[in-house]
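Participant: This is entry-v8.cif (mmCIF, C-alpha atoms).
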data_input
loop_
_atom_site.label_atom_id
_atom_site.label_comp_id
_atom_site.auth_asym_id
_atom_site.auth_seq_id
_atom_site.Cartn_x
_atom_site.Cartn_y
_atom_site.Cartn_z
CA MET A 1 -3.23 75.62 82.33
CA THR A 2 -5.72 75.54 79.49
CA TRP A 3 -4.12 74.68 76.16
CA SER A 4 -4.92 77.15 73.39
CA PRO A 5 -3.67 76.82 69.82
CA ASN A 6 -3.43 80.60 69.54
CA THR A 7 -1.37 80.85 72.73
CA TRP A 8 1.19 78.32 71.56
CA LEU A 9 1.25 79.75 68.07
CA ASP A 10 1.89 83.20 69.52
CA ARG A 11 4.70 81.85 71.68
CA LEU A 12 6.21 79.97 68.76
CA SER A 13 5.98 83.08 66.59
CA ARG A 14 7.68 85.18 69.26
CA ALA A 15 10.42 82.55 69.60
CA PHE A 16 11.10 82.65 65.88
CA VAL A 17 11.21 86.44 65.93
CA PHE A 18 13.67 86.34 68.86
CA LEU A 19 15.89 83.82 67.07
CA ALA A 20 15.79 85.88 63.90
CA LEU A 21 16.87 88.97 65.82
CA VAL A 22 19.70 87.07 67.51
CA CYS A 23 20.91 85.63 64.20
CA SER A 24 20.66 89.06 62.58
CA ALA A 25 22.73 90.63 65.36
CA ARG A 26 25.33 87.93 65.12
CA ALA A 27 25.45 88.34 61.37
CA GLN A 28 26.03 92.09 61.67
CA TYR A 29 29.80 91.52 61.92
CA SER A 30 32.12 89.00 60.33
CA ALA A 31 35.83 88.23 60.52
CA ARG A 32 37.57 85.89 58.10
CA ALA A 33 40.99 85.06 56.76
CA ASP A 34 41.28 84.97 52.98
CA ASP A 35 44.68 83.55 52.03
CA GLU A 36 47.09 86.13 53.51
CA VAL A 37 44.54 88.87 54.17
CA VAL A 38 42.15 89.20 57.12
CA HIS A 39 38.82 90.96 56.52
CA LEU A 40 36.65 92.53 59.21
CA GLU A 41 33.17 93.50 58.04
CA ASP A 42 30.30 95.56 59.39
CA PRO A 43 27.48 95.18 56.84
CA ALA A 44 25.10 97.46 58.75
CA HIS A 45 27.50 100.36 58.15
CA GLN A 46 28.78 99.00 54.79
CA THR A 47 32.33 99.02 56.21
CA ARG A 48 35.19 96.60 55.63
CA VAL A 49 38.73 96.57 56.99
CA SER A 50 41.44 94.50 55.28
CA ILE A 51 44.75 93.69 56.98
CA VAL A 52 47.88 91.91 55.77
CA PRO A 53 49.61 90.45 58.86
CA GLY A 54 52.56 89.12 56.84
CA VAL A 55 53.69 92.57 55.68
CA GLY A 56 53.95 94.70 58.79
CA ASN A 57 50.44 93.84 60.01
CA VAL A 58 49.26 96.81 57.94
CA ALA A 59 45.58 97.64 57.52
CA PHE A 60 45.57 98.68 53.87
CA GLU A 61 41.84 99.07 53.28
CA LEU A 62 39.11 100.78 55.26
CA ARG A 63 36.23 100.81 52.81
CA ILE A 64 32.96 102.62 53.42
CA LYS A 65 30.33 101.93 50.78
CA GLY A 66 33.12 100.75 48.49
CA GLU A 67 35.35 103.82 48.99
CA ASN A 68 38.80 103.16 50.48
CA ILE A 69 39.84 105.95 52.86
CA LEU A 70 43.36 104.55 53.32
CA ARG A 71 46.09 105.25 50.76
CA PHE A 72 47.41 102.03 49.21
CA PRO A 73 49.37 102.83 46.01
CA TYR A 74 49.96 99.19 44.98
CA ALA A 75 48.29 96.96 42.44
CA ASP A 76 48.13 94.06 44.89
CA ILE A 77 49.71 92.51 48.00
CA ALA A 78 52.48 90.89 45.96
CA ALA A 79 53.61 94.30 44.71
CA PHE A 80 53.48 95.65 48.26
CA ARG A 81 55.59 92.78 49.58
CA SER A 82 58.19 93.19 46.85
CA ARG A 83 58.73 96.90 47.58
CA PRO A 84 57.16 97.70 50.96
CA GLY A 85 56.67 101.36 51.78
CA LEU A 86 54.56 103.27 54.26
CA ASN A 87 50.86 103.18 53.41
CA GLY A 88 47.57 102.26 55.04
CA ILE A 89 48.07 102.08 58.82
CA PRO A 90 51.69 101.07 59.56
CA PHE A 91 52.99 100.52 63.09
CA LEU A 92 56.29 102.28 63.82
CA GLY A 93 58.61 100.72 66.39
CA PRO A 94 60.64 100.35 68.47
CA TRP A 95 60.72 104.11 67.85
CA ALA A 96 58.82 106.43 65.53
CA ASN A 97 60.10 109.39 63.53
CA ARG A 98 63.67 110.61 63.26
CA LEU A 99 66.56 110.37 65.68
CA ASP A 100 69.28 113.02 65.61
CA GLU A 101 72.11 110.46 65.61
CA GLN A 102 72.74 106.75 65.04
CA ALA A 103 71.99 106.02 68.68
CA PHE A 104 69.36 106.57 71.34
CA TYR A 105 69.46 107.27 75.07
CA ALA A 106 67.52 105.59 77.88
CA GLY A 107 68.09 105.67 81.62
CA GLY A 108 71.16 107.84 81.17
CA LYS A 109 72.85 105.31 78.86
CA ARG A 110 73.73 105.68 75.19
CA TYR A 111 72.79 102.75 72.95
CA ALA A 112 74.65 102.96 69.63
CA PHE A 113 73.22 101.17 66.60
CA ASN A 114 75.18 98.50 64.76
CA MET A 115 74.85 99.91 61.26
CA ASP A 116 76.39 96.76 59.74
CA LEU A 117 73.23 94.79 60.55
CA GLY A 118 71.34 96.69 57.86
CA ASN A 119 68.04 97.11 59.68
CA VAL A 120 68.85 100.69 60.75
CA ARG A 121 69.82 103.16 58.03
CA GLY A 122 70.64 106.80 57.53
CA ALA A 123 72.30 109.60 59.44
CA HIS A 124 68.92 110.23 61.06
CA PRO A 125 67.37 106.76 61.49
CA ILE A 126 63.61 106.96 61.06
CA HIS A 127 60.58 104.84 62.01
CA GLY A 128 62.45 101.88 63.50
CA PHE A 129 62.47 98.59 61.59
CA LEU A 130 59.11 96.87 62.14
CA SER A 131 56.84 98.49 59.53
CA SER A 132 57.10 95.61 57.02
CA THR A 133 58.11 92.65 59.20
CA ASP A 134 56.62 89.20 58.56
CA LYS A 135 57.08 88.10 62.20
CA TRP A 136 53.57 88.92 63.44
CA THR A 137 51.55 85.94 64.68
CA VAL A 138 47.77 86.17 64.42
CA THR A 139 46.25 84.95 67.69
CA GLU A 140 42.55 85.66 67.12
CA VAL A 141 40.17 86.45 64.27
CA LYS A 142 36.65 86.70 65.61
CA ALA A 143 33.27 88.42 65.39
CA ASP A 144 30.26 88.58 67.70
CA SER A 145 27.11 90.68 67.89
CA ASN A 146 29.09 93.76 68.96
CA ALA A 147 32.25 93.85 66.84
CA ALA A 148 34.72 92.12 64.53
CA TRP A 149 38.39 92.03 65.44
CA MET A 150 41.81 90.59 64.77
CA THR A 151 44.59 90.36 67.36
CA SER A 152 48.26 89.72 66.55
CA ARG A 153 51.41 89.36 68.61
CA LEU A 154 55.01 90.29 67.91
CA GLU A 155 57.65 88.76 70.19
CA PHE A 156 60.36 91.35 69.79
CA TYR A 157 62.71 89.65 72.24
CA ARG A 158 63.07 86.56 70.01
CA GLU A 159 64.89 88.41 67.21
CA PRO A 160 68.66 88.85 67.87
CA SER A 161 69.10 91.54 65.20
CA TRP A 162 66.28 93.57 66.78
CA MET A 163 67.57 93.15 70.32
CA ALA A 164 71.05 94.21 69.14
CA GLN A 165 69.60 97.60 68.19
CA PHE A 166 67.00 98.07 70.94
CA PRO A 167 68.01 95.79 73.86
CA PHE A 168 64.74 95.93 75.79
CA ALA A 169 62.97 92.57 75.77
CA HIS A 170 59.27 93.11 75.14
CA THR A 171 56.21 91.91 73.29
CA ILE A 172 53.75 93.89 71.19
CA GLN A 173 50.07 93.04 70.82
CA LEU A 174 48.01 94.79 68.15
CA THR A 175 44.23 94.59 67.82
CA TYR A 176 42.09 96.01 65.03
CA ARG A 177 38.46 96.20 66.21
CA LEU A 178 35.55 97.31 64.01
CA THR A 179 32.32 98.32 65.72
CA ALA A 180 29.44 100.58 64.62
CA GLY A 181 31.43 101.75 61.61
CA VAL A 182 34.38 102.90 63.75
CA LEU A 183 37.82 101.24 63.66
CA GLU A 184 39.79 101.06 66.91
CA VAL A 185 43.53 100.35 66.71
CA ASN A 186 44.81 99.14 70.09
CA VAL A 187 48.42 98.38 70.99
CA ARG A 188 49.86 96.78 74.15
CA LEU A 189 53.55 96.76 75.03
CA HIS A 190 54.74 94.35 77.72
CA ASN A 191 58.20 95.14 79.11
CA LEU A 192 59.97 91.85 79.86
CA SER A 193 63.34 93.44 80.53
CA SER A 194 64.89 94.26 83.91
CA GLU A 195 65.04 98.03 83.29
CA PRO A 196 62.45 100.72 82.40
CA MET A 197 61.84 100.79 78.65
CA PRO A 198 61.36 104.05 76.74
CA VAL A 199 58.05 104.20 74.85
CA SER A 200 58.43 106.18 71.65
CA ILE A 201 56.23 104.18 69.26
CA GLY A 202 53.50 105.44 66.97
CA PHE A 203 51.37 104.91 63.88
CA HIS A 204 51.50 106.62 60.49
CA PRO A 205 48.00 106.28 58.95
CA TYR A 206 47.48 107.66 55.45
CA PHE A 207 43.96 109.05 54.96
CA GLN A 208 42.29 110.06 51.72
CA LEU A 209 38.89 111.35 50.66
CA THR A 210 37.32 110.40 47.35
CA ASP A 211 34.71 113.12 46.89
CA SER A 212 37.17 115.98 46.31
CA PRO A 213 40.89 116.75 45.75
CA ARG A 214 43.32 117.76 48.50
CA GLU A 215 43.07 121.44 47.54
CA ASP A 216 39.43 121.43 48.68
CA TRP A 217 39.99 119.70 52.04
CA THR A 218 39.94 121.36 55.42
CA ILE A 219 41.53 119.84 58.51
CA ARG A 220 41.36 120.25 62.26
CA ILE A 221 44.43 119.79 64.47
CA GLY A 222 43.38 119.37 68.09
CA ALA A 223 46.54 120.74 69.69
CA LYS A 224 47.76 123.91 71.38
CA LYS A 225 51.51 123.75 70.76
CA GLN A 226 53.85 123.20 67.83
CA TRP A 227 57.50 122.19 68.03
CA LEU A 228 59.86 124.25 65.91
CA LEU A 229 62.06 122.02 63.74
CA ASN A 230 65.53 122.32 62.25
CA ASN A 231 66.30 121.62 58.59
CA ASP A 232 66.43 117.87 59.33
CA LYS A 233 62.89 117.89 60.81
CA ILE A 234 64.26 117.42 64.34
CA PRO A 235 62.67 119.50 67.14
CA THR A 236 64.97 122.22 68.41
CA GLY A 237 63.40 122.20 71.86
CA VAL A 238 61.65 125.51 71.17
CA THR A 239 57.84 125.58 71.03
CA ALA A 240 55.24 128.09 69.92
CA PRO A 241 51.44 128.36 70.09
CA ILE A 242 49.74 126.52 67.25
CA THR A 243 47.90 129.73 66.45
CA ASP A 244 51.20 131.23 65.29
CA MET A 245 50.93 128.81 62.36
CA PHE A 246 47.15 128.44 61.98
CA PRO A 247 44.83 131.34 62.92
CA ASP A 248 42.00 128.82 63.32
CA PRO A 249 43.28 125.28 64.09
CA ASP A 250 39.70 123.97 63.84
CA ARG A 251 39.43 124.90 60.16
CA ILE A 252 42.66 124.82 58.17
CA ALA A 253 42.61 125.04 54.35
CA LEU A 254 45.01 122.24 53.44
CA LYS A 255 45.87 123.78 50.06
CA ASP A 256 47.70 126.60 51.86
CA TYR A 257 50.17 124.35 53.69
CA ASP A 258 52.97 121.87 53.09
CA LEU A 259 52.86 119.85 56.30
CA ASP A 260 55.36 117.68 58.11
CA HIS A 261 54.99 119.16 61.59
CA VAL A 262 54.96 118.09 65.23
CA PHE A 263 52.23 119.15 67.68
CA SER A 264 51.62 118.48 71.37
CA ASP A 265 49.57 119.76 74.32
CA LEU A 266 46.61 118.08 72.66
CA VAL A 267 43.07 119.33 73.25
CA ARG A 268 41.15 116.61 75.13
CA ASP A 269 37.45 115.85 75.50
CA ALA A 270 35.78 114.51 78.64
CA ASP A 271 37.07 111.00 77.81
CA GLY A 272 40.63 112.23 77.40
CA ARG A 273 40.60 111.87 73.61
CA ALA A 274 42.06 114.39 71.16
CA LEU A 275 40.31 114.97 67.83
CA MET A 276 41.90 115.42 64.39
CA ARG A 277 39.70 115.76 61.31
CA VAL A 278 39.78 116.05 57.53
CA LYS A 279 36.69 117.13 55.63
CA GLY A 280 35.96 117.22 51.91
CA LYS A 281 32.80 118.01 49.98
CA SER A 282 30.67 115.77 52.19
CA GLN A 283 33.03 113.03 53.35
CA GLN A 284 34.77 113.39 56.70
CA ILE A 285 37.29 111.36 58.70
CA GLU A 286 37.77 111.95 62.40
CA VAL A 287 40.75 110.45 64.23
CA LEU A 288 40.66 110.32 68.01
CA PHE A 289 43.86 109.85 70.03
CA GLY A 290 43.79 108.13 73.43
CA PRO A 291 45.42 109.91 76.42
CA LYS A 292 48.83 108.22 76.16
CA TYR A 293 49.29 109.52 72.62
CA ASN A 294 50.56 112.92 73.67
CA THR A 295 51.80 114.00 70.23
CA ALA A 296 50.35 114.42 66.75
CA VAL A 297 52.59 114.52 63.70
CA VAL A 298 50.67 115.85 60.70
CA PHE A 299 52.10 115.00 57.28
CA SER A 300 50.55 116.16 54.02
CA PRO A 301 52.96 117.41 51.32
CA GLN A 302 51.71 119.69 48.61
CA PRO A 303 51.83 118.39 45.01
CA ARG A 304 55.16 119.08 43.34
CA SER A 305 56.37 118.82 39.79
CA GLY A 306 59.47 116.69 39.43
CA GLY A 307 61.06 118.22 36.36
CA ALA A 308 61.39 115.34 33.89
CA ASN A 309 59.48 113.08 36.26
CA PRO A 310 55.67 113.11 36.33
CA PRO A 311 54.16 115.46 38.96
CA GLN A 312 53.39 113.92 42.31
CA SER A 313 49.78 114.15 43.48
CA PRO A 314 49.80 113.21 47.16
CA ASN A 315 46.08 113.35 47.87
CA PHE A 316 46.45 112.28 51.49
CA VAL A 317 46.85 113.57 55.00
CA CYS A 318 48.47 111.67 57.87
CA PHE A 319 47.31 112.25 61.43
CA GLU A 320 49.96 110.26 63.29
CA PRO A 321 49.28 109.18 66.90
CA MET A 322 52.63 109.29 68.71
CA ALA A 323 53.71 108.38 72.24
CA GLY A 324 56.28 111.19 72.09
CA ILE A 325 57.64 113.91 69.85
CA THR A 326 60.22 113.29 67.14
CA ASP A 327 63.60 112.38 68.70
CA ALA A 328 61.86 112.04 72.08
CA MET A 329 64.41 109.72 73.68
CA ASN A 330 67.43 111.84 72.80
CA LEU A 331 65.81 115.18 73.53
CA ALA A 332 64.69 113.86 76.93
CA HIS A 333 68.29 112.88 77.69
CA ARG A 334 69.38 116.44 76.86
CA GLY A 335 66.71 117.95 79.07
CA LEU A 336 64.74 119.43 76.16
CA TYR A 337 61.70 117.14 76.48
CA ARG A 338 59.96 116.21 79.72
CA GLU A 339 57.14 113.91 78.59
CA LEU A 340 59.05 110.77 77.59
CA GLN A 341 57.08 107.75 78.81
CA MET A 342 59.06 105.01 80.56
CA LEU A 343 57.51 101.56 81.03
CA PRO A 344 58.64 99.86 84.28
CA PRO A 345 59.89 96.24 84.20
CA GLY A 346 57.07 93.71 84.00
CA GLN A 347 54.44 96.37 83.27
CA VAL A 348 52.11 96.91 80.29
CA TRP A 349 51.61 100.10 78.28
CA GLU A 350 48.31 100.16 76.36
CA GLU A 351 46.58 102.74 74.22
CA SER A 352 44.15 103.12 71.31
CA PHE A 353 43.21 105.49 68.57
CA TRP A 354 39.93 105.47 66.67
CA ILE A 355 38.99 106.25 63.06
CA ARG A 356 35.43 107.53 62.61
CA PRO A 357 34.30 108.21 59.01
CA SER A 358 31.05 109.93 58.05
CA GLY A 359 29.34 111.52 55.05
CA PHE A 360 29.89 108.57 52.70
#
If you convert what's in this file into structure tokens, what do you get?

Facilitator:
Amino acid sequence: MTWSPNTWLDRLSRAFVFLALVCSARAQYSARADDEVVHLEDPAHQTRVSIVPGVGNVAFELRIKGENILRFPYADIAAFRSRPGLNGIPFLGPWANRLDEQAFYAGGKRYAFNMDLGNVRGAHPIHGFLSSTDKWTVTEVKADSNAAWMTSRLEFYREPSWMAQFPFAHTIQLTYRLTAGVLEVNVRLHNLSSEPMPVSIGFHPYFQLTDSPREDWTIRIGAKKQWLLNNDKIPTGVTAPITDMFPDPDRIALKDYDLDHVFSDLVRDADGRALMRVKGKSQQIEVLFGPKYNTAVVFSPQPRSGGANPPQSPNFVCFEPMAGITDAMNLAHRGLYRELQMLPPGQVWEESFWIRPSGF
């Protein structure tokens, strides 16, 4: 082969261009731990996710161009830890939403709670007892050219006070994955017990828009059926078409409703995903539920004055991906609910939901 300076210079130039492209792709995403917070970043879409594994493994920030679309009403993580409450994206387990008594049913058996342990409270116990636990172990914080992610593991079976209330040995794996400006939240349950385990978990994400107040937002609820509730927010077993409540479920003026409602028979796309949406002046958040989330609880209270207390201004809407309706385990036992998911011994239950913002 004849040596030519131009040929080699061209090849060298192309090699540098290739390396620059590779480095740029790899630099598109980053994942890092900063003290007690893990940050996932997608600079190309100006998106950052911040997670605090030590307080419930909650993602408390999802910032797009500096705007946080998750409600986090705390000054800092220390304040959150001192008085933890639901915010951001909390995981709810080993059950989500209310139960109609201080017990649950599975496999024809009644499992009564030991109220003296203190981790279950109220006449209608709600949202389990994992939303602020510090028992999560981070197993991976990583980024490549396609995504940034963090994976954590919760070994439920190791905690005697948890097993006393929900005696199904299992592990929970939770992965937050950021790719192309979209956040995927994936959960895996592994049933280590010798009997089928009821799956009634869920998430309670709090979404907010910053370009307009709640009274100007419209929402979409991708469902066909609503569950009628009693005064304690427990389904009665009676259902009605969603259009009895919303003439157009694709465009609901949020200002007209005080929402804490349960919906099922979700409308699915070709990939089996159901779409919920909130839209403001130009900002929009779409939440897509994977097929095993068969229920959407939508929570968005209207502002109320509190007499001598300052008025509340809850500028948020929660689209809650749920593996079953409120009180699913107990209603299934009574024959009023037929979609309770049971995880066989040794098997894994896995599902995701996705958060897709736009207009920022």

Participant: Can you pull out the residues contacting range 163-174 of chain A? Cut-off 7 Å, using all atoms listed in the file, and skip same-chain residues under 2 positions away; I want them as an MDAnalysis selection string.

Facilitator: chainID A and resid 113:114 151:157 159:161 176 186:193 197

Participant: Got a sec to resolve the PyMOL selection byres ((chain A and resi 116-128) around 10) on this structure and send the residues as JSON, numbers by chain?

Facilitator: {"A": [86, 90, 91, 92, 93, 94, 95, 96, 97, 98, 99, 100, 101, 102, 103, 113, 114, 115, 129, 130, 131, 161, 162, 164, 165, 166, 200, 201, 202, 203, 204, 232, 233, 234, 326, 327]}

Participant: Selection from above, C-alpha atoms, as a PDB file, keeping the file's coordinate frame, can you write it?

Facilitator:
ATOM      1  CA  LEU A  86      54.560 103.270  54.260  1.00  0.00           C
ATOM      2  CA  PRO A  90      51.690 101.070  59.560  1.00  0.00           C
ATOM      3  CA  PHE A  91      52.990 100.520  63.090  1.00  0.00           C
ATOM      4  CA  LEU A  92      56.290 102.280  63.820  1.00  0.00           C
ATOM      5  CA  GLY A  93      58.610 100.720  66.390  1.00  0.00           C
ATOM      6  CA  PRO A  94      60.640 100.350  68.470  1.00  0.00           C
ATOM      7  CA  TRP A  95      60.720 104.110  67.850  1.00  0.00           C
ATOM      8  CA  ALA A  96      58.820 106.430  65.530  1.00  0.00           C
ATOM      9  CA  ASN A  97      60.100 109.390  63.530  1.00  0.00           C
ATOM     10  CA  ARG A  98      63.670 110.610  63.260  1.00  0.00           C
ATOM     11  CA  LEU A  99      66.560 110.370  65.680  1.00  0.00           C
ATOM     12  CA  ASP A 100      69.280 113.020  65.610  1.00  0.00           C
ATOM     13  CA  GLU A 101      72.110 110.460  65.610  1.00  0.00           C
ATOM     14  CA  GLN A 102      72.740 106.750  65.040  1.00  0.00           C
ATOM     15  CA  ALA A 103      71.990 106.020  68.680  1.00  0.00           C
ATOM     16  CA  PHE A 113      73.220 101.170  66.600  1.00  0.00           C
ATOM     17  CA  ASN A 114      75.180  98.500  64.760  1.00  0.00           C
ATOM     18  CA  MET A 115      74.850  99.910  61.260  1.00  0.00           C
ATOM     19  CA  PHE A 129      62.470  98.590  61.590  1.00  0.00           C
ATOM     20  CA  LEU A 130      59.110  96.870  62.140  1.00  0.00           C
ATOM     21  CA  SER A 131      56.840  98.490  59.530  1.00  0.00           C
ATOM     22  CA  SER A 161      69.100  91.540  65.200  1.00  0.00           C
ATOM     23  CA  TRP A 162      66.280  93.570  66.780  1.00  0.00           C
ATOM     24  CA  ALA A 164      71.050  94.210  69.140  1.00  0.00           C
ATOM     25  CA  GLN A 165      69.600  97.600  68.190  1.00  0.00           C
ATOM     26  CA  PHE A 166      67.000  98.070  70.940  1.00  0.00           C
ATOM     27  CA  SER A 200      58.430 106.180  71.650  1.00  0.00           C
ATOM     28  CA  ILE A 201      56.230 104.180  69.260  1.00  0.00           C
ATOM     29  CA  GLY A 202      53.500 105.440  66.970  1.00  0.00           C
ATOM     30  CA  PHE A 203      51.370 104.910  63.880  1.00  0.00           C
ATOM     31  CA  HIS A 204      51.500 106.620  60.490  1.00  0.00           C
ATOM     32  CA  ASP A 232      66.430 117.870  59.330  1.00  0.00           C
ATOM     33  CA  LYS A 233      62.890 117.890  60.810  1.00  0.00           C
ATOM     34  CA  ILE A 234      64.260 117.420  64.340  1.00  0.00           C
ATOM     35  CA  THR A 326      60.220 113.290  67.140  1.00  0.00           C
ATOM     36  CA  ASP A 327      63.600 112.380  68.700  1.00  0.00           C
TER      37      ASP A 327
END

Participant: Quick one: which residues end up in the PyMOL selection byres ((chain A and resi 178) around 9) for this structure, as a VMD selection string?

Facilitator: chain A and resid 29 40 to 42 47 to 49 146 to 149 176 to 177 179 to 185

Participant: Looking at all atoms listed in the file, which of A:Val238, A:Val58, A:Leu254, A:Ala44 is the one that sits closest to Tyr337 in chain A?

Facilitator: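 Result for the nearest residue to Tyr337 in chain A: A:Val238.
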
Participant: Using all atoms listed in the file, determine which residues lie at most 12 Å from Ala332 in chain A, disregarding the query and same-chain residues fewer than 3 positions distant; provide the list as a PDB file with C-alpha atoms, in the frame of the given file.

Facilitator:
ATOM      1  CA  LEU A  99      66.560 110.370  65.680  1.00  0.00           C
ATOM      2  CA  PHE A 104      69.360 106.570  71.340  1.00  0.00           C
ATOM      3  CA  TYR A 105      69.460 107.270  75.070  1.00  0.00           C
ATOM      4  CA  ALA A 106      67.520 105.590  77.880  1.00  0.00           C
ATOM      5  CA  GLY A 107      68.090 105.670  81.620  1.00  0.00           C
ATOM      6  CA  GLY A 108      71.160 107.840  81.170  1.00  0.00           C
ATOM      7  CA  LYS A 109      72.850 105.310  78.860  1.00  0.00           C
ATOM      8  CA  PRO A 198      61.360 104.050  76.740  1.00  0.00           C
ATOM      9  CA  VAL A 199      58.050 104.200  74.850  1.00  0.00           C
ATOM     10  CA  SER A 200      58.430 106.180  71.650  1.00  0.00           C
ATOM     11  CA  PRO A 235      62.670 119.500  67.140  1.00  0.00           C
ATOM     12  CA  THR A 236      64.970 122.220  68.410  1.00  0.00           C
ATOM     13  CA  GLY A 237      63.400 122.200  71.860  1.00  0.00           C
ATOM     14  CA  GLY A 324      56.280 111.190  72.090  1.00  0.00           C
ATOM     15  CA  ILE A 325      57.640 113.910  69.850  1.00  0.00           C
ATOM     16  CA  THR A 326      60.220 113.290  67.140  1.00  0.00           C
ATOM     17  CA  ASP A 327      63.600 112.380  68.700  1.00  0.00           C
ATOM     18  CA  ALA A 328      61.860 112.040  72.080  1.00  0.00           C
ATOM     19  CA  MET A 329      64.410 109.720  73.680  1.00  0.00           C
ATOM     20  CA  GLY A 335      66.710 117.950  79.070  1.00  0.00           C
ATOM     21  CA  LEU A 336      64.740 119.430  76.160  1.00  0.00           C
ATOM     22  CA  TYR A 337      61.700 117.140  76.480  1.00  0.00           C
ATOM     23  CA  ARG A 338      59.960 116.210  79.720  1.00  0.00           C
ATOM     24  CA  GLU A 339      57.140 113.910  78.590  1.00  0.00           C
ATOM     25  CA  LEU A 340      59.050 110.770  77.590  1.00  0.00           C
ATOM     26  CA  GLN A 341      57.080 107.750  78.810  1.00  0.00           C
ATOM     27  CA  MET A 342      59.060 105.010  80.560  1.00  0.00           C
TER      28      MET A 342
END

Participant: Just to confirm, what's the straight-line distance from CA of Arg273 in chain A to CA of Arg356 in chain A in Å (one decimal)?

Facilitator: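 Between these atoms lies a distance of 12.9 Å.
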
Participant: Could you check how far CA of Met150 in chain A sits from CA of Pro43 in chain A, in Å to one decimal?

Facilitator: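 The value is 17.0 Å.
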
Participant: Using Å and a single decimal, report how far CA of Ile221 in chain A sits from CA of Arg251 in chain A.

Facilitator: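 One can read the CA of Arg251 in chain A to CA of Ile221 in chain A distance as 8.3 Å.
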
Participant: My list of candidates is A:Pro196, A:Pro73, A:Gly359, A:Pro249. Which is closest to Arg220 in chain A when distances are computed with only C-alpha atoms?

Facilitator: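 Closest to Arg220 in chain A of all the choices is A:Pro249.
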
Participant: Looking at all atoms listed in the file, which of A:Phe80, A:Tyr74, A:Phe299, A:Phe316 is the one that sits closest to Ser212 in chain A?

Facilitator: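 The shortest atom-to-atom distance to Ser212 in chain A comes from A:Phe316.
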
Participant: Using all atoms listed in the file, which of A:Asn315, A:Thr133, A:Gln283, A:Asn294 sits nearest Glu351 in chain A?

Facilitator: A:Asn294

Participant: Which residue, A:Met276, A:Ile51, A:Val262, A:Leu209, has the smallest gap to Leu228 in chain A when you use only C-alpha atoms?

Facilitator: A:Val262

Participant: So, counting only C-alpha atoms, which residue among A:Pro344, A:Lys135, A:Arg110, A:Val141 is closest to Asp34 in chain A?

Facilitator: A:Val141

Participant: Please evaluate the PyMOL selection byres ((chain A and resi 245) around 12) against the structure above and give the resulting residues as JSON, numbers by chain.

Facilitator: {"A": [221, 223, 224, 225, 226, 227, 228, 239, 240, 241, 242, 243, 244, 246, 247, 248, 249, 252, 256, 257, 258, 259, 261, 262, 263]}

Participant: Starting from the sparse input, extend range 30-41 of chain A to N, CA and C atoms and give the output as an mmCIF file, in the coordinates of the input.

Facilitator:
data_model
loop_
_atom_site.group_PDB
_atom_site.id
_atom_site.type_symbol
_atom_site.label_atom_id
_atom_site.label_comp_id
_atom_site.auth_asym_id
_atom_site.auth_seq_id
_atom_site.Cartn_x
_atom_site.Cartn_y
_atom_site.Cartn_z
ATOM 1 N N SER A 30 31.440 90.236 60.710
ATOM 2 C CA SER A 30 32.120 89.000 60.330
ATOM 3 C C SER A 30 33.617 89.249 60.319
ATOM 4 N N ALA A 31 34.362 88.178 60.554
ATOM 5 C CA ALA A 31 35.830 88.230 60.520
ATOM 6 C C ALA A 31 36.299 86.949 59.857
ATOM 7 N N ARG A 32 37.125 87.077 58.825
ATOM 8 C CA ARG A 32 37.570 85.890 58.100
ATOM 9 C C ARG A 32 38.956 86.123 57.527
ATOM 10 N N ALA A 33 39.678 85.031 57.404
ATOM 11 C CA ALA A 33 40.990 85.060 56.760
ATOM 12 C C ALA A 33 40.857 84.552 55.345
ATOM 13 N N ASP A 34 41.341 85.324 54.391
ATOM 14 C CA ASP A 34 41.280 84.970 52.980
ATOM 15 C C ASP A 34 42.705 84.926 52.449
ATOM 16 N N ASP A 35 43.266 83.717 52.356
ATOM 17 C CA ASP A 35 44.680 83.550 52.030
ATOM 18 C C ASP A 35 45.523 84.332 53.040
ATOM 19 N N GLU A 36 46.205 85.390 52.604
ATOM 20 C CA GLU A 36 47.090 86.130 53.510
ATOM 21 C C GLU A 36 46.470 87.406 54.042
ATOM 22 N N VAL A 37 45.216 87.647 53.743
ATOM 23 C CA VAL A 37 44.540 88.870 54.170
ATOM 24 C C VAL A 37 43.412 88.522 55.128
ATOM 25 N N VAL A 38 43.268 89.329 56.182
ATOM 26 C CA VAL A 38 42.150 89.200 57.120
ATOM 27 C C VAL A 38 41.168 90.324 56.856
ATOM 28 N N HIS A 39 39.874 89.982 56.768
ATOM 29 C CA HIS A 39 38.820 90.960 56.520
ATOM 30 C C HIS A 39 37.897 91.050 57.724
ATOM 31 N N LEU A 40 37.646 92.255 58.175
ATOM 32 C CA LEU A 40 36.650 92.530 59.210
ATOM 33 C C LEU A 40 35.525 93.315 58.543
ATOM 34 N N GLU A 41 34.274 92.863 58.742
ATOM 35 C CA GLU A 41 33.170 93.500 58.040
ATOM 36 C C GLU A 41 32.036 93.878 58.983
#
